[in-house]
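Participant: File data21.csv below, CSV, C-alpha atoms and all ligand atoms:
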chain,number,residue,atom,x,y,z
H,28,MET,CA,-10.0,-68.4,-9.2
H,29,ASN,CA,-13.0,-68.9,-7.0
H,30,ALA,CA,-11.6,-72.3,-6.1
H,31,LEU,CA,-12.6,-73.4,-9.5
H,32,LYS,CA,-9.7,-73.3,-11.8
H,33,VAL,CA,-6.0,-73.9,-11.5
H,34,ILE,CA,-3.8,-72.2,-14.1
H,35,GLU,CA,-0.3,-73.7,-14.6
H,36,LEU,CA,2.4,-71.4,-15.8
H,37,THR,CA,5.8,-72.4,-17.1
H,38,SER,CA,8.6,-70.0,-16.7
H,39,ALA,CA,10.0,-70.8,-20.1
H,40,ASN,CA,7.2,-68.9,-21.9
H,41,THR,CA,5.5,-66.7,-19.4
H,42,GLU,CA,6.9,-63.3,-18.5
H,43,SER,CA,4.0,-61.7,-16.8
H,44,LEU,CA,0.7,-62.7,-15.4
H,45,ILE,CA,-2.2,-60.3,-14.9
H,46,VAL,CA,-5.1,-61.3,-12.7
H,47,SER,CA,-8.1,-59.2,-13.4
H,48,ALA,CA,-10.9,-59.7,-10.9
H,49,GLY,CA,-13.6,-57.7,-12.7
H,50,THR,CA,-16.6,-56.1,-11.2
H,51,GLY,CA,-17.9,-56.7,-7.6
H,52,ASN,CA,-16.0,-57.0,-4.4
H,53,ASP,CA,-13.3,-59.6,-4.9
H,54,THR,CA,-10.7,-61.2,-2.7
H,55,ILE,CA,-7.5,-62.2,-4.5
H,56,THR,CA,-5.0,-64.3,-2.5
H,57,VAL,CA,-1.4,-64.6,-3.5
H,58,SER,CA,0.9,-67.1,-1.8
H,59,GLY,CA,4.0,-69.2,-2.3
H,60,THR,CA,7.4,-68.3,-3.6
H,61,GLY,CA,9.3,-69.0,-6.9
H,62,CYS,CA,6.5,-67.5,-9.0
H,63,PRO,CA,7.5,-68.0,-12.6
H,64,ALA,CA,6.0,-64.8,-13.9
H,65,PHE,CA,5.7,-61.2,-12.7
H,66,LEU,CA,2.3,-60.9,-11.2
H,67,THR,CA,-0.1,-57.9,-11.4
H,68,VAL,CA,-3.4,-58.0,-9.7
H,69,GLN,CA,-6.3,-55.7,-10.9
H,70,GLY,CA,-9.2,-55.6,-8.5
H,71,GLY,CA,-11.5,-54.1,-11.1
H,72,GLY,CA,-14.7,-52.4,-10.0
H,73,GLN,CA,-16.2,-52.8,-6.6
H,74,SER,CA,-19.8,-53.4,-5.6
H,75,SER,CA,-21.8,-50.2,-5.5
H,76,SER,CA,-24.2,-51.5,-2.9
H,77,SER,CA,-22.2,-53.2,-0.2
H,78,GLY,CA,-18.8,-54.1,1.2
H,79,SER,CA,-15.6,-52.2,1.2
H,80,GLY,CA,-14.2,-53.1,-2.2
H,81,ASP,CA,-11.6,-55.4,-3.5
H,82,ARG,CA,-9.0,-57.1,-1.2
H,83,LEU,CA,-5.6,-58.4,-2.0
H,84,VAL,CA,-4.3,-61.0,0.4
H,85,PHE,CA,-0.6,-61.6,0.4
H,86,LEU,CA,0.9,-64.6,2.2
H,87,ALA,CA,4.6,-64.2,2.4
H,88,GLY,CA,6.3,-67.3,1.0
H,89,ALA,CA,9.6,-66.6,2.7
H,90,ALA,CA,10.9,-65.1,5.9
H,91,GLY,CA,12.2,-61.5,5.9
H,92,THR,CA,10.9,-58.1,5.1
H,93,THR,CA,7.6,-57.4,3.2
H,94,THR,CA,7.4,-53.8,1.9
H,95,VAL,CA,4.2,-52.1,0.8
H,96,SER,CA,4.9,-49.1,-1.5
H,97,PRO,CA,2.4,-46.6,-2.9
H,98,GLY,CA,1.5,-46.5,-6.6
H,99,ALA,CA,0.4,-43.6,-8.7
H,100,SER,CA,-3.1,-43.7,-7.4
H,101,ALA,CA,-4.6,-44.4,-3.9
H,102,ASP,CA,-5.7,-47.9,-4.9
H,103,ALA,CA,-2.4,-48.9,-6.5
H,104,GLY,CA,1.0,-50.0,-5.3
H,105,LEU,CA,3.6,-52.7,-5.0
H,106,ILE,CA,4.1,-55.4,-2.4
H,107,THR,CA,7.8,-56.3,-2.4
H,108,ALA,CA,8.1,-59.9,-1.1
H,109,PRO,CA,10.8,-61.2,1.2
H,110,GLY,CA,13.6,-63.1,-0.3
H,111,ALA,CA,15.6,-62.6,-3.5
H,112,HIS,CA,13.0,-63.9,-6.0
H,113,ARG,CA,11.8,-60.7,-7.4
H,114,ALA,CA,9.0,-62.3,-9.4
H,115,ASP,CA,7.3,-62.9,-6.1
H,116,ASP,CA,6.5,-59.2,-5.9
H,117,VAL,CA,3.0,-58.2,-6.6
H,118,ALA,CA,1.9,-55.1,-8.3
H,119,PHE,CA,-1.7,-54.1,-7.7
H,120,PHE,CA,-4.3,-51.7,-9.1
H,121,GLU,CA,-7.9,-51.0,-8.2
H,122,ILE,CA,-7.4,-52.5,-4.7
H,123,GLU,CA,-9.1,-50.9,-1.7
H,124,ASN,CA,-7.8,-53.3,1.0
H,125,LEU,CA,-4.7,-55.2,1.6
H,126,THR,CA,-4.0,-58.1,4.0
H,127,VAL,CA,-0.4,-59.1,4.4
H,128,ASN,CA,0.7,-62.2,6.4
H,129,GLY,CA,4.2,-62.8,7.6
H,130,ASN,CA,6.1,-66.0,7.2
H,131,ALA,CA,8.2,-66.2,10.4
H,132,LEU,CA,7.7,-64.6,13.8
H,133,SER,CA,10.7,-62.3,13.3
H,134,ASP,CA,9.5,-60.9,10.0
H,135,THR,CA,9.4,-57.2,9.3
H,136,LEU,CA,6.7,-55.2,7.6
H,137,THR,CA,7.6,-51.9,6.0
H,138,ALA,CA,4.9,-49.5,4.9
H,139,GLN,CA,6.0,-46.5,2.8
H,140,GLY,CA,4.4,-43.2,2.5
H,141,THR,CA,4.5,-41.1,-0.7
H,142,HIS,CA,7.0,-38.4,-1.5
H,143,ALA,CA,4.3,-35.8,-0.7
H,144,ASN,CA,2.8,-35.0,2.7
H,145,ASP,CA,1.3,-38.1,4.4
H,146,THR,CA,-0.8,-38.9,7.4
H,147,ILE,CA,0.1,-42.4,8.6
H,148,ALA,CA,-1.5,-44.3,11.4
H,149,LEU,CA,-0.8,-47.6,13.1
H,150,GLN,CA,-3.4,-49.2,15.5
H,151,ASN,CA,-5.2,-52.4,16.4
H,152,LEU,CA,-8.8,-51.8,15.7
H,153,GLY,CA,-11.5,-54.4,16.1
H,154,GLY,CA,-8.9,-57.1,16.7
H,155,SER,CA,-6.9,-56.4,13.6
H,156,ASN,CA,-3.5,-54.7,13.2
H,157,LEU,CA,-4.1,-51.9,10.7
H,158,ILE,CA,-2.0,-49.3,8.9
H,159,TRP,CA,-3.6,-46.3,7.2
H,160,ILE,CA,-1.7,-44.1,4.8
H,161,ASN,CA,-3.9,-41.2,3.7
H,162,ASP,CA,-6.7,-42.6,1.7
H,163,ARG,CA,-4.7,-45.4,0.3
H,164,ALA,CA,-5.6,-49.1,0.5
H,165,VAL,CA,-5.8,-49.9,4.3
H,166,ILE,CA,-3.2,-52.5,5.3
H,167,THR,CA,-4.3,-55.3,7.7
H,168,PHE,CA,-1.3,-57.3,8.9
H,169,VAL,CA,-0.7,-60.5,10.8
H,170,GLY,CA,2.5,-62.2,11.8
H,171,TYR,CA,5.0,-59.3,11.8
H,172,ALA,CA,7.2,-58.6,14.9
H,173,ASN,CA,8.7,-55.5,13.4
H,174,VAL,CA,6.8,-52.6,11.8
H,175,ASN,CA,8.6,-49.8,9.9
H,176,LEU,CA,6.6,-46.7,9.0
H,177,GLN,CA,8.5,-44.7,6.5
H,178,GLY,CA,7.1,-41.2,5.7
H,179,ARG,CA,9.7,-40.5,3.0
H,180,PHE,CA,9.7,-37.0,1.6
H,181,GLY,CA,7.1,-34.4,2.5
H,182,ASP,CA,5.8,-33.2,5.8
H,183,ASP,CA,4.5,-36.4,7.4
H,184,LYS,CA,2.5,-37.1,10.5
H,185,ILE,CA,2.9,-40.6,11.9
H,186,ASN,CA,0.4,-41.6,14.5
H,187,VAL,CA,1.3,-44.7,16.5
H,188,HIS,CA,-1.0,-46.4,18.9
H,189,PRO,CA,1.0,-49.4,20.1
H,190,VAL,CA,-1.2,-50.8,22.8
H,191,GLY,CA,-3.1,-53.8,21.6
H,192,LEU,CA,-1.1,-54.5,18.5
H,193,ILE,CA,-0.9,-58.3,18.1
H,194,GLY,CA,2.6,-59.8,17.8
H,195,VAL,CA,4.4,-56.5,17.3
H,196,THR,CA,7.5,-56.1,19.4
H,197,ALA,CA,9.2,-53.2,17.6
H,198,ILE,CA,8.0,-50.1,15.8
H,199,ASN,CA,10.2,-47.8,13.8
H,200,ALA,CA,8.8,-44.6,12.6
H,201,ALA,CA,11.0,-42.5,10.3
H,202,GLY,CA,10.7,-39.7,7.9
H,203,VAL,CA,13.3,-38.1,5.7
H,204,ALA,CA,15.0,-35.0,6.8
H,205,ASP,CA,12.8,-32.8,4.7
H,206,GLY,CA,10.5,-30.4,6.5
H,207,ALA,CA,8.8,-31.2,9.8
H,208,GLN,CA,8.1,-34.8,10.6
H,209,THR,CA,5.9,-35.4,13.5
H,210,VAL,CA,5.4,-38.7,15.2
H,211,VAL,CA,2.5,-38.9,17.6
H,212,ILE,CA,2.5,-41.7,20.2
H,213,ARG,CA,-0.9,-42.1,21.9
H,214,PRO,CA,-1.0,-44.9,24.5
H,215,ASP,CA,-4.7,-44.6,24.8
H,216,ALA,CA,-7.7,-42.8,23.3
H,217,ILE,CA,-7.2,-39.7,25.4
H,218,GLU,CA,-5.7,-37.0,23.4
H,219,SER,CA,-3.9,-35.3,26.3
H,220,ASP,CA,-1.8,-38.4,26.7
H,221,GLU,CA,-0.2,-38.1,23.3
H,222,GLN,CA,3.4,-37.4,22.8
H,223,ASP,CA,4.5,-35.5,19.8
H,224,VAL,CA,8.1,-36.1,18.6
H,225,THR,CA,9.3,-33.9,15.9
H,226,GLY,CA,12.1,-35.1,13.8
H,227,SER,CA,13.2,-38.4,12.4
H,228,VAL,CA,13.1,-40.9,15.2
H,229,ALA,CA,13.4,-44.6,15.7
H,230,LEU,CA,11.2,-46.1,18.3
H,231,SER,CA,12.9,-49.3,19.2
H,232,MET,CA,10.9,-51.6,21.4
H,233,PHE,CA,8.6,-48.8,22.3
H,234,LYS,CA,6.5,-49.5,25.3
H,235,ALA,CA,3.6,-47.4,26.2
H,236,SER,CA,1.9,-47.0,29.6
H,237,ASN,CA,-0.9,-44.8,30.6
V,301,CA,CA,-13.6,-56.1,-8.2
V,302,CA,CA,5.8,-38.5,2.7
Give the structure from this file in structure tokens form.
Ligand SMILES: [Ca+2]
Ligand SMILES: [Ca+2]
Facilitator:
Amino acid sequence: MNALKVIELTSANTESLIVSAGTGNDTITVSGTGCPAFLTVQGGGQSSSSGSGDRLVFLAGAAGTTTVSPGASADAGLITAPGAHRADDVAFFEIENLTVNGNALSDTLTAQGTHANDTIALQNLGGSNLIWINDRAVITFVGYANVNLQGRFGDDKINVHPVGLIGVTAINAAGVADGAQTVVIRPDAIESDEQDVTGSVALSMFKASN
């Protein structure tokens, strides 16, 4: 907590841990594996005058798949950590921004939409790999070779801009066979270059060229 205080937990008598950041724009970093208690992060209020709100930084403590799932509100959700230790998962509320860092070069990041209609986008902007899902907490990610975008139920539009993504070698975009799913691949900023693919598709090792 602000590099000031270390809290030690013992698994024998701690079932859950809630970190409440309070008012102002906060950055909460979660790392390691083998967490003794189920962790919930509450960003609290954000600064009304500056900045973009609270940020949760998740540093994967094991190799494998990290999954970001939506919660009941746009600023809530769940990060499912790689590995079998379920207490490493992080539930979050009142978070406007997420940063997730992979553990190994072959790691996979899965970003899930809601069961309603979603607009999902993947792009490197300003040097950062970013995923947007509607108005939910924007995901910045580093260190994931594979990215899965899952629209789930609803009529979803998935917009992939693969050029410039750092470290990403495979992108899979998939919806559920429920209504029209559209995947838009745009190799550059020119709209006429975009390719619309309707249906549930897997884009394995997609390579774009102008
Ligand atoms: Ca806050
Ligand atoms: Ca959906």
Participant: Residues within 6 Å of segment 114-117 of chain H, please, as a PyMOL selection string. Count all atoms listed in the file; anything in the same chain fewer than 2 positions from it doesn't count.
Facilitator: chain H and resi 60+62+64-67+105-108+112
Participant: If we count all atoms listed in the file and set the cut-off at 8 Å, which residues sit around Pro109 of chain H, ignoring sequence neighbours fewer than 4 positions away in its own chain? Please answer as a PyMOL selection string.
Facilitator: chain H and resi 87-93
Participant: Name the residues, by chain letter and number, that sit within 10 Å of ligand CA 301 (chain V) using all atoms listed in the file, and give them as a list of chain:residue names.
Facilitator: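 These are the residues that qualify: H:Ser47, H:Ala48, H:Gly49, H:Thr50, H:Gly51, H:Asn52, H:Asp53, H:Thr54, H:Ile55, H:Gln69, H:Gly70, H:Gly71, H:Gly72, H:Gln73, H:Ser74, H:Gly80, H:Asp81, H:Arg82, H:Glu121, H:Ile122, H:Glu123.
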Participant: Given all atoms listed in the file as the basis, pick out the residue of H:Gly170, H:Val57, H:Val187, H:Gly194 nearest to Ala131 of chain H.
Facilitator: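 Of all the options, H:Gly170 lies closest to Ala131 of chain H.
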Participant: Residues within 9 Å of ligand CA 302 (chain V) (only C-alpha atoms and all ligand atoms), as an MDAnalysis selection string?
Facilitator: chainID H and resid 139:146 177:184 202:203
Participant: Which one is closest to Gly191 of chain H: H:Ser155, H:Ser79, H:Leu86, H:Ser133? Count only C-alpha atoms.
Facilitator: H:Ser155
Participant: Using Å and a single decimal, report how far atom CA of Asn186 of chain H sits from atom CA of Thr94 of chain H.
Facilitator: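 Going from atom CA of Thr94 of chain H over to atom CA of Asn186 of chain H covers 18.9 Å.
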Participant: Smallest atom-to-atom distance to Phe85 of chain H: which of H:Ala118, H:Ile160, H:Thr41, H:Glu35, using all atoms listed in the file?
Facilitator: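 Ranked by minimum distance to Phe85 of chain H, first place goes to H:Ala118.
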Participant: Should you be able to, write segment 43-88 of chain H of this structure into a file that contains N, CA and C atoms, as a PDB file, in the first residue's frame.
Facilitator:
ATOM      1  N   SER H  43     -10.768 -14.273   2.813  1.00  0.00           N
ATOM      2  CA  SER H  43     -10.830 -13.301   1.742  1.00  0.00           C
ATOM      3  C   SER H  43     -10.142 -12.022   2.168  1.00  0.00           C
ATOM      4  N   LEU H  44      -9.647 -11.317   1.151  1.00  0.00           N
ATOM      5  CA  LEU H  44      -8.968 -10.047   1.388  1.00  0.00           C
ATOM      6  C   LEU H  44      -9.574  -9.032   0.444  1.00  0.00           C
ATOM      7  N   ILE H  45     -10.010  -7.922   0.987  1.00  0.00           N
ATOM      8  CA  ILE H  45     -10.573  -6.845   0.169  1.00  0.00           C
ATOM      9  C   ILE H  45      -9.660  -5.636   0.302  1.00  0.00           C
ATOM     10  N   VAL H  46      -9.142  -5.178  -0.836  1.00  0.00           N
ATOM     11  CA  VAL H  46      -8.313  -3.984  -0.851  1.00  0.00           C
ATOM     12  C   VAL H  46      -9.178  -2.845  -1.361  1.00  0.00           C
ATOM     13  N   SER H  47      -9.385  -1.853  -0.541  1.00  0.00           N
ATOM     14  CA  SER H  47     -10.223  -0.718  -0.898  1.00  0.00           C
ATOM     15  C   SER H  47      -9.348   0.517  -1.027  1.00  0.00           C
ATOM     16  N   ALA H  48      -9.221   1.006  -2.264  1.00  0.00           N
ATOM     17  CA  ALA H  48      -8.246   2.075  -2.514  1.00  0.00           C
ATOM     18  C   ALA H  48      -8.759   3.446  -2.123  1.00  0.00           C
ATOM     19  N   GLY H  49     -10.052   3.598  -2.027  1.00  0.00           N
ATOM     20  CA  GLY H  49     -10.600   4.886  -1.617  1.00  0.00           C
ATOM     21  C   GLY H  49     -10.634   5.920  -2.728  1.00  0.00           C
ATOM     22  N   THR H  50     -10.781   7.162  -2.347  1.00  0.00           N
ATOM     23  CA  THR H  50     -10.952   8.231  -3.329  1.00  0.00           C
ATOM     24  C   THR H  50      -9.647   8.527  -4.063  1.00  0.00           C
ATOM     25  N   GLY H  51      -9.744   9.278  -5.146  1.00  0.00           N
ATOM     26  CA  GLY H  51      -8.571   9.629  -5.945  1.00  0.00           C
ATOM     27  C   GLY H  51      -8.225   8.534  -6.928  1.00  0.00           C
ATOM     28  N   ASN H  52      -7.323   8.846  -7.844  1.00  0.00           N
ATOM     29  CA  ASN H  52      -6.888   7.879  -8.850  1.00  0.00           C
ATOM     30  C   ASN H  52      -5.801   6.989  -8.257  1.00  0.00           C
ATOM     31  N   ASP H  53      -6.093   5.718  -8.151  1.00  0.00           N
ATOM     32  CA  ASP H  53      -5.170   4.785  -7.507  1.00  0.00           C
ATOM     33  C   ASP H  53      -4.686   3.738  -8.502  1.00  0.00           C
ATOM     34  N   THR H  54      -3.483   3.244  -8.266  1.00  0.00           N
ATOM     35  CA  THR H  54      -2.957   2.097  -8.992  1.00  0.00           C
ATOM     36  C   THR H  54      -2.731   0.979  -7.989  1.00  0.00           C
ATOM     37  N   ILE H  55      -3.380  -0.144  -8.228  1.00  0.00           N
ATOM     38  CA  ILE H  55      -3.263  -1.295  -7.330  1.00  0.00           C
ATOM     39  C   ILE H  55      -2.597  -2.414  -8.110  1.00  0.00           C
ATOM     40  N   THR H  56      -1.466  -2.894  -7.643  1.00  0.00           N
ATOM     41  CA  THR H  56      -0.714  -3.934  -8.350  1.00  0.00           C
ATOM     42  C   THR H  56      -0.821  -5.249  -7.594  1.00  0.00           C
ATOM     43  N   VAL H  57      -1.171  -6.299  -8.343  1.00  0.00           N
ATOM     44  CA  VAL H  57      -1.294  -7.641  -7.766  1.00  0.00           C
ATOM     45  C   VAL H  57      -0.308  -8.546  -8.486  1.00  0.00           C
ATOM     46  N   SER H  58       0.532  -9.245  -7.739  1.00  0.00           N
ATOM     47  CA  SER H  58       1.507 -10.138  -8.354  1.00  0.00           C
ATOM     48  C   SER H  58       1.679 -11.384  -7.491  1.00  0.00           C
ATOM     49  N   GLY H  59       2.387 -12.345  -8.060  1.00  0.00           N
ATOM     50  CA  GLY H  59       2.693 -13.559  -7.310  1.00  0.00           C
ATOM     51  C   GLY H  59       1.664 -14.641  -7.508  1.00  0.00           C
ATOM     52  N   THR H  60       1.910 -15.765  -6.882  1.00  0.00           N
ATOM     53  CA  THR H  60       0.973 -16.873  -6.927  1.00  0.00           C
ATOM     54  C   THR H  60       0.920 -17.510  -5.547  1.00  0.00           C
ATOM     55  N   GLY H  61      -0.082 -18.352  -5.342  1.00  0.00           N
ATOM     56  CA  GLY H  61      -0.240 -18.974  -4.031  1.00  0.00           C
ATOM     57  C   GLY H  61      -0.848 -18.052  -3.010  1.00  0.00           C
ATOM     58  N   CYS H  62      -1.668 -17.115  -3.493  1.00  0.00           N
ATOM     59  CA  CYS H  62      -2.320 -16.178  -2.568  1.00  0.00           C
ATOM     60  C   CYS H  62      -3.143 -16.968  -1.545  1.00  0.00           C
ATOM     61  N   PRO H  63      -2.998 -16.660  -0.279  1.00  0.00           N
ATOM     62  CA  PRO H  63      -3.708 -17.431   0.739  1.00  0.00           C
ATOM     63  C   PRO H  63      -5.187 -17.080   0.857  1.00  0.00           C
ATOM     64  N   ALA H  64      -5.610 -15.973   0.256  1.00  0.00           N
ATOM     65  CA  ALA H  64      -6.998 -15.547   0.425  1.00  0.00           C
ATOM     66  C   ALA H  64      -7.552 -15.053  -0.902  1.00  0.00           C
ATOM     67  N   PHE H  65      -8.856 -15.178  -1.100  1.00  0.00           N
ATOM     68  CA  PHE H  65      -9.490 -14.651  -2.302  1.00  0.00           C
ATOM     69  C   PHE H  65      -9.459 -13.130  -2.257  1.00  0.00           C
ATOM     70  N   LEU H  66      -8.970 -12.556  -3.334  1.00  0.00           N
ATOM     71  CA  LEU H  66      -8.683 -11.120  -3.346  1.00  0.00           C
ATOM     72  C   LEU H  66      -9.739 -10.359  -4.137  1.00  0.00           C
ATOM     73  N   THR H  67     -10.226  -9.303  -3.546  1.00  0.00           N
ATOM     74  CA  THR H  67     -11.125  -8.372  -4.223  1.00  0.00           C
ATOM     75  C   THR H  67     -10.511  -6.981  -4.146  1.00  0.00           C
ATOM     76  N   VAL H  68     -10.438  -6.325  -5.286  1.00  0.00           N
ATOM     77  CA  VAL H  68      -9.892  -4.971  -5.338  1.00  0.00           C
ATOM     78  C   VAL H  68     -11.017  -3.993  -5.635  1.00  0.00           C
ATOM     79  N   GLN H  69     -11.146  -2.995  -4.793  1.00  0.00           N
ATOM     80  CA  GLN H  69     -12.137  -1.942  -5.001  1.00  0.00           C
ATOM     81  C   GLN H  69     -11.400  -0.637  -5.248  1.00  0.00           C
ATOM     82  N   GLY H  70     -11.557  -0.106  -6.456  1.00  0.00           N
ATOM     83  CA  GLY H  70     -10.823   1.123  -6.795  1.00  0.00           C
ATOM     84  C   GLY H  70     -11.312   2.340  -6.047  1.00  0.00           C
ATOM     85  N   GLY H  71     -12.557   2.320  -5.637  1.00  0.00           N
ATOM     86  CA  GLY H  71     -13.131   3.486  -4.980  1.00  0.00           C
ATOM     87  C   GLY H  71     -13.357   4.611  -5.965  1.00  0.00           C
ATOM     88  N   GLY H  72     -13.555   5.784  -5.450  1.00  0.00           N
ATOM     89  CA  GLY H  72     -13.808   6.935  -6.314  1.00  0.00           C
ATOM     90  C   GLY H  72     -12.571   7.330  -7.079  1.00  0.00           C
ATOM     91  N   GLN H  73     -12.764   8.102  -8.130  1.00  0.00           N
ATOM     92  CA  GLN H  73     -11.641   8.594  -8.919  1.00  0.00           C
ATOM     93  C   GLN H  73     -11.569  10.097  -8.801  1.00  0.00           C
ATOM     94  N   SER H  74     -10.418  10.625  -9.182  1.00  0.00           N
ATOM     95  CA  SER H  74     -10.239  12.066  -9.105  1.00  0.00           C
ATOM     96  C   SER H  74     -11.189  12.763 -10.066  1.00  0.00           C
ATOM     97  N   SER H  75     -11.831  13.787  -9.599  1.00  0.00           N
ATOM     98  CA  SER H  75     -12.766  14.509 -10.460  1.00  0.00           C
ATOM     99  C   SER H  75     -12.059  15.502 -11.355  1.00  0.00           C
ATOM    100  N   SER H  76     -10.810  15.816 -11.056  1.00  0.00           N
ATOM    101  CA  SER H  76     -10.136  16.895 -11.782  1.00  0.00           C
ATOM    102  C   SER H  76      -9.138  16.414 -12.821  1.00  0.00           C
ATOM    103  N   SER H  77      -8.542  15.226 -12.632  1.00  0.00           N
ATOM    104  CA  SER H  77      -7.507  14.819 -13.567  1.00  0.00           C
ATOM    105  C   SER H  77      -7.403  13.305 -13.633  1.00  0.00           C
ATOM    106  N   GLY H  78      -6.689  12.840 -14.663  1.00  0.00           N
ATOM    107  CA  GLY H  78      -6.409  11.416 -14.768  1.00  0.00           C
ATOM    108  C   GLY H  78      -7.588  10.641 -15.293  1.00  0.00           C
ATOM    109  N   SER H  79      -7.360   9.356 -15.413  1.00  0.00           N
ATOM    110  CA  SER H  79      -8.367   8.514 -16.031  1.00  0.00           C
ATOM    111  C   SER H  79      -8.943   7.492 -15.069  1.00  0.00           C
ATOM    112  N   GLY H  80      -8.792   7.709 -13.799  1.00  0.00           N
ATOM    113  CA  GLY H  80      -9.415   6.821 -12.840  1.00  0.00           C
ATOM    114  C   GLY H  80      -8.449   5.837 -12.224  1.00  0.00           C
ATOM    115  N   ASP H  81      -9.013   4.788 -11.662  1.00  0.00           N
ATOM    116  CA  ASP H  81      -8.221   3.785 -10.951  1.00  0.00           C
ATOM    117  C   ASP H  81      -7.737   2.710 -11.907  1.00  0.00           C
ATOM    118  N   ARG H  82      -6.533   2.210 -11.642  1.00  0.00           N
ATOM    119  CA  ARG H  82      -5.952   1.168 -12.488  1.00  0.00           C
ATOM    120  C   ARG H  82      -5.562  -0.037 -11.643  1.00  0.00           C
ATOM    121  N   LEU H  83      -5.970  -1.203 -12.103  1.00  0.00           N
ATOM    122  CA  LEU H  83      -5.546  -2.469 -11.500  1.00  0.00           C
ATOM    123  C   LEU H  83      -4.480  -3.087 -12.395  1.00  0.00           C
ATOM    124  N   VAL H  84      -3.309  -3.347 -11.823  1.00  0.00           N
ATOM    125  CA  VAL H  84      -2.206  -3.967 -12.554  1.00  0.00           C
ATOM    126  C   VAL H  84      -2.079  -5.409 -12.071  1.00  0.00           C
ATOM    127  N   PHE H  85      -2.195  -6.345 -13.008  1.00  0.00           N
ATOM    128  CA  PHE H  85      -2.105  -7.764 -12.671  1.00  0.00           C
ATOM    129  C   PHE H  85      -0.874  -8.351 -13.337  1.00  0.00           C
ATOM    130  N   LEU H  86       0.032  -8.858 -12.534  1.00  0.00           N
ATOM    131  CA  LEU H  86       1.249  -9.491 -13.042  1.00  0.00           C
ATOM    132  C   LEU H  86       1.080 -10.989 -12.846  1.00  0.00           C
ATOM    133  N   ALA H  87       0.892 -11.719 -13.940  1.00  0.00           N
ATOM    134  CA  ALA H  87       0.630 -13.154 -13.832  1.00  0.00           C
ATOM    135  C   ALA H  87       1.782 -13.852 -13.116  1.00  0.00           C
ATOM    136  N   GLY H  88       1.443 -14.653 -12.144  1.00  0.00           N
ATOM    137  CA  GLY H  88       2.462 -15.331 -11.350  1.00  0.00           C
ATOM    138  C   GLY H  88       2.815 -16.705 -11.872  1.00  0.00           C
TER     139      GLY H  88
END
